>>> print(open('input-v2.csv').read())   # CSV, C-alpha atoms
chain,number,residue,atom,x,y,z
G,1,MET,CA,6.0,13.9,7.3
G,2,TYR,CA,4.9,10.2,6.8
G,3,LYS,CA,4.0,8.8,3.4
G,4,ILE,CA,0.9,6.7,2.8
G,5,VAL,CA,2.2,3.9,0.6
G,6,LYS,CA,-1.0,1.9,0.5
G,7,LYS,CA,-4.7,2.6,1.0
G,8,ARG,CA,-7.4,-0.1,0.9
G,9,ILE,CA,-11.1,0.3,1.6
G,10,LEU,CA,-12.2,-2.7,3.7
G,11,ASN,CA,-15.8,-1.8,3.9
G,12,PRO,CA,-17.9,1.4,3.7
G,13,THR,CA,-16.7,2.7,7.1
G,14,VAL,CA,-13.3,1.0,7.6
G,15,THR,CA,-10.1,1.8,5.8
G,16,LEU,CA,-6.6,0.3,5.9
G,17,MET,CA,-3.5,2.4,5.4
G,18,GLU,CA,0.1,1.4,5.3
G,19,ILE,CA,2.4,4.2,6.5
G,20,GLU,CA,6.1,4.6,5.8
G,21,ALA,CA,7.5,4.9,9.3
G,22,PRO,CA,10.8,2.9,9.7
G,23,ALA,CA,11.6,3.9,13.3
G,24,VAL,CA,8.1,2.8,14.4
G,25,ALA,CA,8.2,-0.4,12.4
G,26,ARG,CA,11.5,-1.4,13.9
G,27,LYS,CA,10.1,-1.6,17.4
G,28,ALA,CA,6.3,-2.3,16.9
G,29,GLU,CA,4.7,-5.3,18.5
G,30,PRO,CA,1.1,-6.6,18.5
G,31,GLY,CA,-1.1,-4.9,21.0
G,32,GLN,CA,0.7,-1.6,20.8
G,33,PHE,CA,-0.6,1.6,19.3
G,34,ILE,CA,0.6,4.8,17.6
G,35,ILE,CA,-0.6,8.5,17.8
G,36,LEU,CA,-1.0,10.5,14.6
G,37,ARG,CA,-2.0,13.9,13.4
G,38,VAL,CA,-3.3,14.3,9.9
G,39,ASP,CA,-2.1,17.9,9.5
G,40,GLU,CA,-0.4,20.7,11.5
G,41,ASN,CA,-3.7,21.8,13.0
G,42,GLY,CA,-5.1,18.3,13.6
G,43,GLU,CA,-6.0,16.6,16.8
G,44,ARG,CA,-3.9,13.7,18.1
G,45,ILE,CA,-5.6,10.3,17.9
G,46,PRO,CA,-4.4,6.9,19.0
G,47,LEU,CA,-4.8,4.0,16.5
G,48,THR,CA,-3.7,0.4,17.1
G,49,VAL,CA,-0.9,-1.2,15.1
G,50,ALA,CA,-2.7,-3.6,12.8
G,51,ASP,CA,0.5,-4.9,11.2
G,52,PHE,CA,4.1,-3.9,10.4
G,53,ASP,CA,6.9,-4.8,8.1
G,54,ARG,CA,10.3,-4.2,9.5
G,55,GLU,CA,12.1,-4.7,6.2
G,56,LYS,CA,9.9,-2.3,4.3
G,57,GLY,CA,9.8,0.1,7.2
G,58,THR,CA,6.0,0.4,7.2
G,59,VAL,CA,3.2,0.2,9.8
G,60,THR,CA,-0.4,-0.7,8.9
G,61,ILE,CA,-3.3,1.0,10.6
G,62,ILE,CA,-7.0,0.2,10.2
G,63,PHE,CA,-9.5,2.8,11.3
G,64,GLN,CA,-13.3,3.3,11.4
G,65,ILE,CA,-14.6,6.6,10.2
G,66,VAL,CA,-16.4,7.9,13.3
G,67,GLY,CA,-15.2,11.5,13.9
G,68,ALA,CA,-13.6,14.5,12.3
G,69,THR,CA,-10.0,13.2,12.3
G,70,THR,CA,-10.8,9.8,10.8
G,71,GLU,CA,-12.9,11.5,8.2
G,72,LYS,CA,-9.9,13.8,7.3
G,73,LEU,CA,-7.6,10.8,7.3
G,74,ASN,CA,-9.8,8.9,5.0
G,75,HIS,CA,-9.7,11.7,2.4
G,76,LYS,CA,-5.9,11.2,2.1
G,77,GLN,CA,-4.7,9.1,-0.8
G,78,GLU,CA,-1.7,6.9,-1.6
G,79,ASN,CA,1.6,8.9,-1.9
G,80,GLU,CA,0.2,11.7,0.2
G,81,TYR,CA,1.5,12.5,3.6
G,82,ILE,CA,0.3,12.9,7.2
G,83,THR,CA,2.1,15.2,9.7
G,84,ASP,CA,2.8,13.0,12.7
G,85,PHE,CA,3.0,9.3,13.4
G,86,VAL,CA,4.5,8.5,16.8
G,87,GLY,CA,5.1,5.2,18.5
G,88,PRO,CA,5.0,2.4,19.3
G,89,LEU,CA,3.1,3.1,22.6
G,90,GLY,CA,1.4,0.9,25.1
G,91,LYS,CA,2.4,-2.5,26.3
G,92,ALA,CA,2.7,-5.3,23.8
G,93,THR,CA,0.6,-8.4,24.0
G,94,ASN,CA,2.1,-11.1,26.3
G,95,THR,CA,2.7,-14.2,24.1
G,96,ASP,CA,5.1,-16.0,26.4
G,97,GLY,CA,4.4,-19.7,27.0
G,98,LEU,CA,1.0,-19.8,25.2
G,99,LYS,CA,0.4,-23.1,23.4
G,100,LYS,CA,-3.3,-22.9,22.6
G,101,VAL,CA,-5.3,-19.7,22.4
G,102,ALA,CA,-8.7,-18.5,21.2
G,103,ILE,CA,-8.7,-14.9,19.8
G,104,VAL,CA,-12.1,-13.3,19.7
G,105,GLY,CA,-12.6,-10.2,17.6
G,106,GLY,CA,-15.6,-8.1,16.9
G,107,GLY,CA,-16.2,-5.5,14.1
G,108,VAL,CA,-13.2,-3.2,13.6
G,109,GLY,CA,-11.7,-4.7,16.7
G,110,SER,CA,-10.7,-7.6,14.5
G,111,ALA,CA,-8.0,-5.4,13.1
G,112,ILE,CA,-6.4,-5.3,16.5
G,113,ALA,CA,-6.9,-9.0,17.0
G,114,TYR,CA,-5.2,-10.0,13.7
G,115,PRO,CA,-1.6,-9.0,14.5
G,116,VAL,CA,-1.9,-11.0,17.8
G,117,ALA,CA,-3.1,-14.0,15.9
G,118,LYS,CA,-0.4,-13.6,13.3
G,119,LYS,CA,2.4,-13.5,15.9
G,120,LEU,CA,1.1,-16.4,18.0
G,121,TYR,CA,0.6,-18.5,14.9
G,122,GLY,CA,4.2,-17.7,13.8
G,123,LEU,CA,5.5,-18.8,17.2
G,124,GLY,CA,3.8,-22.2,16.7
G,125,CYS,CA,0.9,-21.6,19.0
G,126,ASP,CA,-2.4,-23.4,18.1
G,127,VAL,CA,-4.6,-20.4,17.3
G,128,THR,CA,-8.4,-20.5,17.0
G,129,ALA,CA,-9.7,-17.2,15.6
G,130,ILE,CA,-13.3,-16.1,16.0
G,131,THR,CA,-14.5,-12.9,14.4
G,132,GLY,CA,-18.0,-11.4,14.4
G,133,PHE,CA,-19.8,-8.8,12.3
G,134,ARG,CA,-23.3,-7.5,11.9
G,135,ASN,CA,-23.5,-8.7,8.2
G,136,LYS,CA,-21.4,-9.8,5.3
G,137,ASP,CA,-20.8,-6.3,4.0
G,138,LEU,CA,-18.9,-5.4,7.2
G,139,VAL,CA,-16.6,-8.4,7.2
G,140,ILE,CA,-12.8,-7.5,7.2
G,141,LEU,CA,-9.6,-9.5,7.1
G,142,GLU,CA,-11.2,-12.9,6.4
G,143,ASP,CA,-8.3,-14.2,4.3
G,144,GLU,CA,-5.7,-12.8,6.7
G,145,PHE,CA,-7.2,-14.6,9.7
G,146,LYS,CA,-7.5,-17.9,7.7
G,147,ALA,CA,-3.7,-17.6,7.0
G,148,ALA,CA,-2.9,-16.9,10.7
G,149,SER,CA,-4.9,-19.5,12.5
G,150,ASN,CA,-5.4,-23.2,12.8
G,151,LYS,CA,-9.1,-22.8,13.0
G,152,PHE,CA,-11.2,-19.8,11.9
G,153,VAL,CA,-14.8,-19.2,12.7
G,154,LEU,CA,-16.7,-16.3,11.1
G,155,MET,CA,-19.9,-15.2,12.7
G,156,THR,CA,-22.5,-12.7,11.5
G,157,ASP,CA,-25.6,-11.5,13.3
G,158,ASP,CA,-27.9,-12.1,10.4
G,159,GLY,CA,-26.2,-15.3,9.0
G,160,SER,CA,-25.4,-13.6,5.7
G,161,LYS,CA,-21.8,-15.0,5.9
G,162,GLY,CA,-20.2,-17.7,8.0
G,163,GLU,CA,-22.4,-18.9,10.9
G,164,LYS,CA,-25.4,-17.0,12.3
G,165,GLY,CA,-25.0,-15.9,15.8
G,166,LEU,CA,-22.6,-14.1,18.2
G,167,VAL,CA,-18.9,-14.7,18.9
G,168,THR,CA,-19.9,-16.0,22.3
G,169,ASP,CA,-22.0,-18.7,20.7
G,170,ALA,CA,-19.0,-19.9,18.7
G,171,LEU,CA,-16.7,-19.8,21.7
G,172,LYS,CA,-19.1,-21.7,24.0
G,173,LYS,CA,-19.7,-24.3,21.3
G,174,LEU,CA,-15.9,-24.9,21.0
G,175,ILE,CA,-15.4,-25.1,24.8
G,176,ASP,CA,-18.3,-27.4,25.3
G,177,SER,CA,-17.0,-29.7,22.5
G,178,GLY,CA,-13.8,-30.2,24.6
G,179,GLU,CA,-11.4,-27.5,23.3
G,180,GLU,CA,-9.1,-26.4,26.1
G,181,PHE,CA,-7.5,-23.0,25.8
G,182,ASP,CA,-4.6,-21.6,27.8
G,183,GLU,CA,-6.0,-18.2,27.3
G,184,VAL,CA,-8.7,-16.2,25.5
G,185,ILE,CA,-7.8,-12.8,24.0
G,186,THR,CA,-10.7,-10.6,23.1
G,187,ILE,CA,-10.8,-7.3,21.2
G,188,GLY,CA,-13.9,-5.5,20.0
G,189,PRO,CA,-16.9,-3.5,21.2
G,190,LEU,CA,-17.1,-3.2,25.0
G,191,VAL,CA,-20.4,-5.0,25.2
G,192,MET,CA,-19.0,-7.9,23.2
G,193,MET,CA,-15.9,-8.2,25.4
G,194,LYS,CA,-18.1,-8.0,28.6
G,195,PHE,CA,-20.0,-11.1,27.6
G,196,VAL,CA,-16.9,-12.9,26.3
G,197,CYS,CA,-15.3,-12.4,29.7
G,198,ALA,CA,-18.5,-13.4,31.6
G,199,LEU,CA,-18.5,-16.6,29.6
G,200,THR,CA,-14.9,-17.5,30.1
G,201,LYS,CA,-15.2,-16.7,33.8
G,202,GLU,CA,-17.8,-19.5,34.1
G,203,TYR,CA,-15.3,-21.9,32.7
G,204,GLY,CA,-12.3,-20.6,34.6
G,205,ILE,CA,-10.3,-19.7,31.4
G,206,LYS,CA,-7.8,-16.8,31.7
G,207,THR,CA,-9.0,-14.0,29.5
G,208,VAL,CA,-7.2,-10.8,28.3
G,209,ALA,CA,-9.3,-7.9,27.0
G,210,SER,CA,-8.0,-4.9,25.0
G,211,MET,CA,-9.4,-1.6,26.2
G,212,ASN,CA,-8.2,0.2,23.1
G,213,PRO,CA,-11.8,1.2,22.2
G,214,ILE,CA,-12.0,3.7,25.1
G,215,MET,CA,-8.7,5.5,24.5
G,216,VAL,CA,-9.0,9.2,23.5
G,217,ASP,CA,-5.7,11.1,23.5
G,218,GLY,CA,-3.3,8.1,24.2
G,219,THR,CA,-1.4,9.8,27.0
G,220,GLY,CA,-3.6,9.4,30.1
G,221,MET,CA,-4.0,13.2,30.4
G,222,CYS,CA,-7.6,13.4,29.2
G,223,GLY,CA,-8.9,10.8,31.6
G,224,GLY,CA,-11.2,9.4,29.0
G,225,CYS,CA,-9.7,5.9,29.2
G,226,ARG,CA,-9.8,5.7,33.0
G,227,LEU,CA,-11.3,2.4,34.2
G,228,SER,CA,-11.5,0.1,37.2
G,229,VAL,CA,-9.6,-3.1,37.1
G,230,GLY,CA,-9.7,-5.3,40.2
G,231,GLY,CA,-11.0,-2.3,42.2
G,232,LYS,CA,-8.1,-0.1,41.2
G,233,THR,CA,-8.1,2.9,38.8
G,234,VAL,CA,-5.9,2.5,35.8
G,235,PHE,CA,-5.6,4.1,32.4
G,236,ALA,CA,-5.9,2.0,29.2
G,237,CYS,CA,-3.3,4.0,27.3
G,238,VAL,CA,-0.5,4.0,29.8
G,239,ASP,CA,-1.2,0.9,31.9
G,240,GLY,CA,-2.6,-1.2,29.1
G,241,PRO,CA,-4.3,-1.4,26.7
G,242,GLU,CA,-4.7,-5.1,27.7
G,243,PHE,CA,-6.0,-6.2,31.1
G,244,ASP,CA,-7.4,-9.2,32.9
G,245,GLY,CA,-10.9,-9.4,31.5
G,246,HIS,CA,-12.4,-10.9,34.6
G,247,GLU,CA,-11.3,-7.9,36.7
G,248,ILE,CA,-12.5,-5.1,34.4
G,249,ASP,CA,-15.6,-3.1,35.4
G,250,PHE,CA,-17.2,-3.1,31.9
G,251,ASP,CA,-20.4,-1.4,33.0
G,252,GLU,CA,-18.4,1.6,34.2
G,253,ALA,CA,-16.3,1.7,31.0
G,254,ILE,CA,-19.4,1.4,28.8
G,255,LYS,CA,-21.0,4.4,30.6
G,256,ARG,CA,-17.9,6.6,30.3
G,257,SER,CA,-17.3,5.8,26.6
G,258,SER,CA,-20.8,7.0,25.7
G,259,ILE,CA,-20.0,10.5,26.9
G,260,TYR,CA,-18.0,11.4,23.8
G,261,ALA,CA,-20.4,9.9,21.2
G,262,PRO,CA,-22.5,13.1,20.6
G,263,PHE,CA,-19.4,15.2,20.3
G,264,GLU,CA,-17.8,12.8,17.8
G,265,ARG,CA,-21.0,12.7,15.7
G,266,LYS,CA,-21.1,16.5,15.6
G,267,ARG,CA,-17.5,16.9,14.6
G,268,HIS,CA,-17.9,14.2,11.9
G,269,GLU,CA,-20.9,15.9,10.4
G,270,ASP,CA,-19.1,19.3,10.4
G,271,THR,CA,-16.0,17.8,8.7
G,272,CYS,CA,-18.2,16.0,6.1
G,273,ASN,CA,-19.9,19.3,5.2
G,274,LEU,CA,-16.5,20.9,4.9
G,275,PHE,CA,-15.3,18.4,2.4
G,276,LYS,CA,-18.6,18.7,0.5
G,277,GLY,CA,-18.0,22.4,0.2
G,278,VAL,CA,-14.4,21.9,-1.1
G,279,LYS,CA,-15.7,19.5,-3.7
G,280,GLY,CA,-18.4,21.9,-4.8
>>> encode(input="input-v2.csv", output="structure tokens")
Amino acid sequence: MYKIVKKRILNPTVTLMEIEAPAVARKAEPGQFIILRVDENGERIPLTVADFDREKGTVTIIFQIVGATTEKLNHKQENEYITDFVGPLGKATNTDGLKKVAIVGGGVGSAIAYPVAKKLYGLGCDVTAITGFRNKDLVILEDEFKAASNKFVLMTDDGSKGEKGLVTDALKKLIDSGEEFDEVITIGPLVMMKFVCALTKEYGIKTVASMNPIMVDGTGMCGGCRLSVGGKTVFACVDGPEFDGHEIDFDEAIKRSSIYAPFERKRHEDTCNLFKGVKG
């Protein structure tokens, strides 16, 4: 059993939890993920490591409430327990030799981008962080990014906070102004990453994209995270989750990821109704 030592609501659909898991915290690195089960009868879901504290023996996860399991998890409170918390899994982000990097996060994907920015900044890398959200009510980790970057640019679609526009607008503006990046790391919705990678390809800037959003069971057995990279078939959970963004077939990945959406919505609705019945 793994204790929830901290719970923080980041916005109406995104929650942060700090879990007591010393063995995982000891080995965790940015870019990796864990697999958890809320209870004995629960499904296994992969969630990216958003932060970790080796001294406290805790690992932070940030999740969006989209299906039955995340709905159940969100009903857990501080000092309660979840059944399983396994990891770290996946390959860690490669930070070797990077001197100047742009990290581009979108929506809840910013939670995955943050630990990468934090590590690179701690290593002395010049970090530019760009995060994008639909509106001010959905912004997360603003203070954390400011503390882990040399330059932070916040974008919202409607201009209700930060600058109005897309993350690609901010990135293009920086590149056109003369900023030269060793690498761009992008994490967020598939469509966003597709256009970030298309932009950086025009400028010849190496780009790494996290395909964490398409992972389902985290072991490769379900096939849900299968994708084409450089014409070869790979699995995001066992071969990644990070790949060369210029070689990913994003159109194929976007099409496959949509297959599970109706099922997730139905399970989420059923679980919400179950909790309503318990409260009643």
>>> closest_atom_pairs(input="input-v2.csv", of="range 50-106 of chain G", to="range 229-247 of chain G", cutoff="9 Å", atoms="only C-alpha atoms", output="JSON lines")
{"residue": "G:Leu89", "atom": "CA", "partner": "G:Cys237", "partner_atom": "CA", "distance": 8.0}
{"residue": "G:Gly90", "atom": "CA", "partner": "G:Val238", "partner_atom": "CA", "distance": 5.9}
{"residue": "G:Lys91", "atom": "CA", "partner": "G:Gly240", "partner_atom": "CA", "distance": 5.9}
{"residue": "G:Ala92", "atom": "CA", "partner": "G:Glu242", "partner_atom": "CA", "distance": 8.4}
{"residue": "G:Thr93", "atom": "CA", "partner": "G:Glu242", "partner_atom": "CA", "distance": 7.3}
>>> residues_near_point(input="input-v2.csv", point="(7.2, -1.6, 10.2)", cutoff="10 Å", atoms="only C-alpha atoms", output="ChimeraX atom specification")
/G:18-29,49,51-60
>>> closest_atom_pairs(input="input-v2.csv", of="range 49-154 of chain G", to="range 158-173 of chain G", cutoff="9 Å", atoms="only C-alpha atoms", output="CSV")
residue,atom,partner,partner_atom,distance
G:Ala102,CA,G:Leu171,CA,8.1
G:Val104,CA,G:Val167,CA,7.0
G:Gly105,CA,G:Val167,CA,7.9
G:Gly106,CA,G:Val167,CA,7.6
G:Ile130,CA,G:Val167,CA,6.5
G:Thr131,CA,G:Val167,CA,6.5
G:Gly132,CA,G:Val167,CA,5.7
G:Phe133,CA,G:Leu166,CA,8.4
G:Arg134,CA,G:Asp158,CA,6.7
G:Asn135,CA,G:Ser160,CA,5.8
G:Lys136,CA,G:Lys161,CA,5.2
G:Asp137,CA,G:Ser160,CA,8.8
G:Val139,CA,G:Lys161,CA,8.5
G:Val153,CA,G:Gly162,CA,7.3
G:Leu154,CA,G:Gly162,CA,4.9
>>> closest_residue(input="input-v2.csv", among="G:Ser110, G:Asn94, G:Arg226, G:Asn150", to="Thr207 in chain G", atoms="all atoms listed in the file")
G:Asn94
>>> closest_residue(input="input-v2.csv", among="G:Asp251, G:Asp176, G:Asp84, G:Glu144", to="Phe195 in chain G", atoms="only C-alpha atoms")
G:Asp251
>>> decode(input="input-v2.csv", residues="range 179-203 of chain G", atoms="N, CA, C and O atoms", output="CSV table (one decimal), in the first residue's frame")
chain,number,residue,atom,x,y,z
G,179,GLU,N,17.4,33.4,-31.2
G,179,GLU,CA,17.6,32.4,-30.2
G,179,GLU,C,18.1,31.1,-30.9
G,179,GLU,O,17.4,30.7,-31.9
G,180,GLU,N,19.1,30.5,-30.5
G,180,GLU,CA,19.6,29.2,-31.0
G,180,GLU,C,19.6,28.1,-30.0
G,180,GLU,O,20.3,28.3,-29.0
G,181,PHE,N,18.8,27.1,-30.2
G,181,PHE,CA,18.6,26.0,-29.3
G,181,PHE,C,19.3,24.8,-29.7
G,181,PHE,O,19.3,24.4,-30.9
G,182,ASP,N,20.0,24.1,-28.8
G,182,ASP,CA,20.6,22.8,-29.1
G,182,ASP,C,19.5,21.8,-29.4
G,182,ASP,O,19.7,20.9,-30.3
G,183,GLU,N,18.4,21.9,-28.7
G,183,GLU,CA,17.3,21.0,-28.8
G,183,GLU,C,16.0,21.6,-28.3
G,183,GLU,O,16.0,22.4,-27.5
G,184,VAL,N,14.9,21.1,-28.9
G,184,VAL,CA,13.6,21.4,-28.4
G,184,VAL,C,13.0,20.1,-27.9
G,184,VAL,O,13.0,19.1,-28.6
G,185,ILE,N,12.4,20.2,-26.7
G,185,ILE,CA,11.7,19.1,-26.1
G,185,ILE,C,10.2,19.5,-26.0
G,185,ILE,O,9.9,20.5,-25.4
G,186,THR,N,9.3,18.7,-26.6
G,186,THR,CA,7.9,19.0,-26.5
G,186,THR,C,7.1,17.9,-26.0
G,186,THR,O,7.3,16.7,-26.3
G,187,ILE,N,6.1,18.3,-25.1
G,187,ILE,CA,5.2,17.3,-24.4
G,187,ILE,C,3.9,18.0,-24.3
G,187,ILE,O,3.7,19.0,-23.7
G,188,GLY,N,2.9,17.3,-24.8
G,188,GLY,CA,1.5,17.8,-24.8
G,188,GLY,C,0.6,17.1,-25.7
G,188,GLY,O,0.9,15.9,-26.1
G,189,PRO,N,-0.5,17.7,-26.1
G,189,PRO,CA,-1.5,17.0,-27.0
G,189,PRO,C,-0.8,16.7,-28.3
G,189,PRO,O,0.2,17.4,-28.8
G,190,LEU,N,-1.2,15.6,-28.9
G,190,LEU,CA,-0.5,15.1,-30.1
G,190,LEU,C,-0.5,16.2,-31.2
G,190,LEU,O,0.5,16.3,-32.0
G,191,VAL,N,-1.6,16.8,-31.4
G,191,VAL,CA,-1.7,17.9,-32.5
G,191,VAL,C,-0.7,19.0,-32.2
G,191,VAL,O,-0.1,19.5,-33.1
G,192,MET,N,-0.6,19.4,-31.0
G,192,MET,CA,0.4,20.4,-30.6
G,192,MET,C,1.8,20.0,-31.0
G,192,MET,O,2.6,20.7,-31.6
G,193,MET,N,2.1,18.8,-30.5
G,193,MET,CA,3.5,18.3,-30.8
G,193,MET,C,3.8,18.1,-32.3
G,193,MET,O,4.9,18.4,-32.8
G,194,LYS,N,2.7,17.7,-33.0
G,194,LYS,CA,2.9,17.6,-34.5
G,194,LYS,C,3.3,19.0,-35.1
G,194,LYS,O,4.3,19.0,-35.9
G,195,PHE,N,2.7,20.0,-34.7
G,195,PHE,CA,3.0,21.3,-35.3
G,195,PHE,C,4.3,21.9,-34.7
G,195,PHE,O,5.0,22.7,-35.4
G,196,VAL,N,4.6,21.6,-33.5
G,196,VAL,CA,5.9,22.0,-32.9
G,196,VAL,C,7.0,21.4,-33.7
G,196,VAL,O,8.0,22.0,-34.1
G,197,CYS,N,6.9,20.1,-34.0
G,197,CYS,CA,7.9,19.3,-34.7
G,197,CYS,C,8.0,19.8,-36.2
G,197,CYS,O,9.1,19.8,-36.8
G,198,ALA,N,6.9,20.1,-36.8
G,198,ALA,CA,6.9,20.6,-38.2
G,198,ALA,C,7.6,22.0,-38.2
G,198,ALA,O,8.4,22.2,-39.2
G,199,LEU,N,7.4,22.8,-37.2
G,199,LEU,CA,8.1,24.1,-37.2
G,199,LEU,C,9.6,23.9,-37.0
G,199,LEU,O,10.4,24.5,-37.8
G,200,THR,N,10.0,23.1,-36.0
G,200,THR,CA,11.5,23.0,-35.8
G,200,THR,C,12.2,22.3,-37.0
G,200,THR,O,13.3,22.5,-37.2
G,201,LYS,N,11.4,21.5,-37.7
G,201,LYS,CA,12.0,20.8,-38.8
G,201,LYS,C,12.4,21.8,-39.9
G,201,LYS,O,13.4,21.7,-40.6
G,202,GLU,N,11.6,22.8,-40.0
G,202,GLU,CA,11.9,23.9,-41.0
G,202,GLU,C,13.2,24.6,-40.7
G,202,GLU,O,13.9,25.0,-41.6
G,203,TYR,N,13.5,24.7,-39.4
G,203,TYR,CA,14.7,25.4,-38.9
G,203,TYR,C,15.8,24.5,-38.7
G,203,TYR,O,16.9,24.9,-38.3
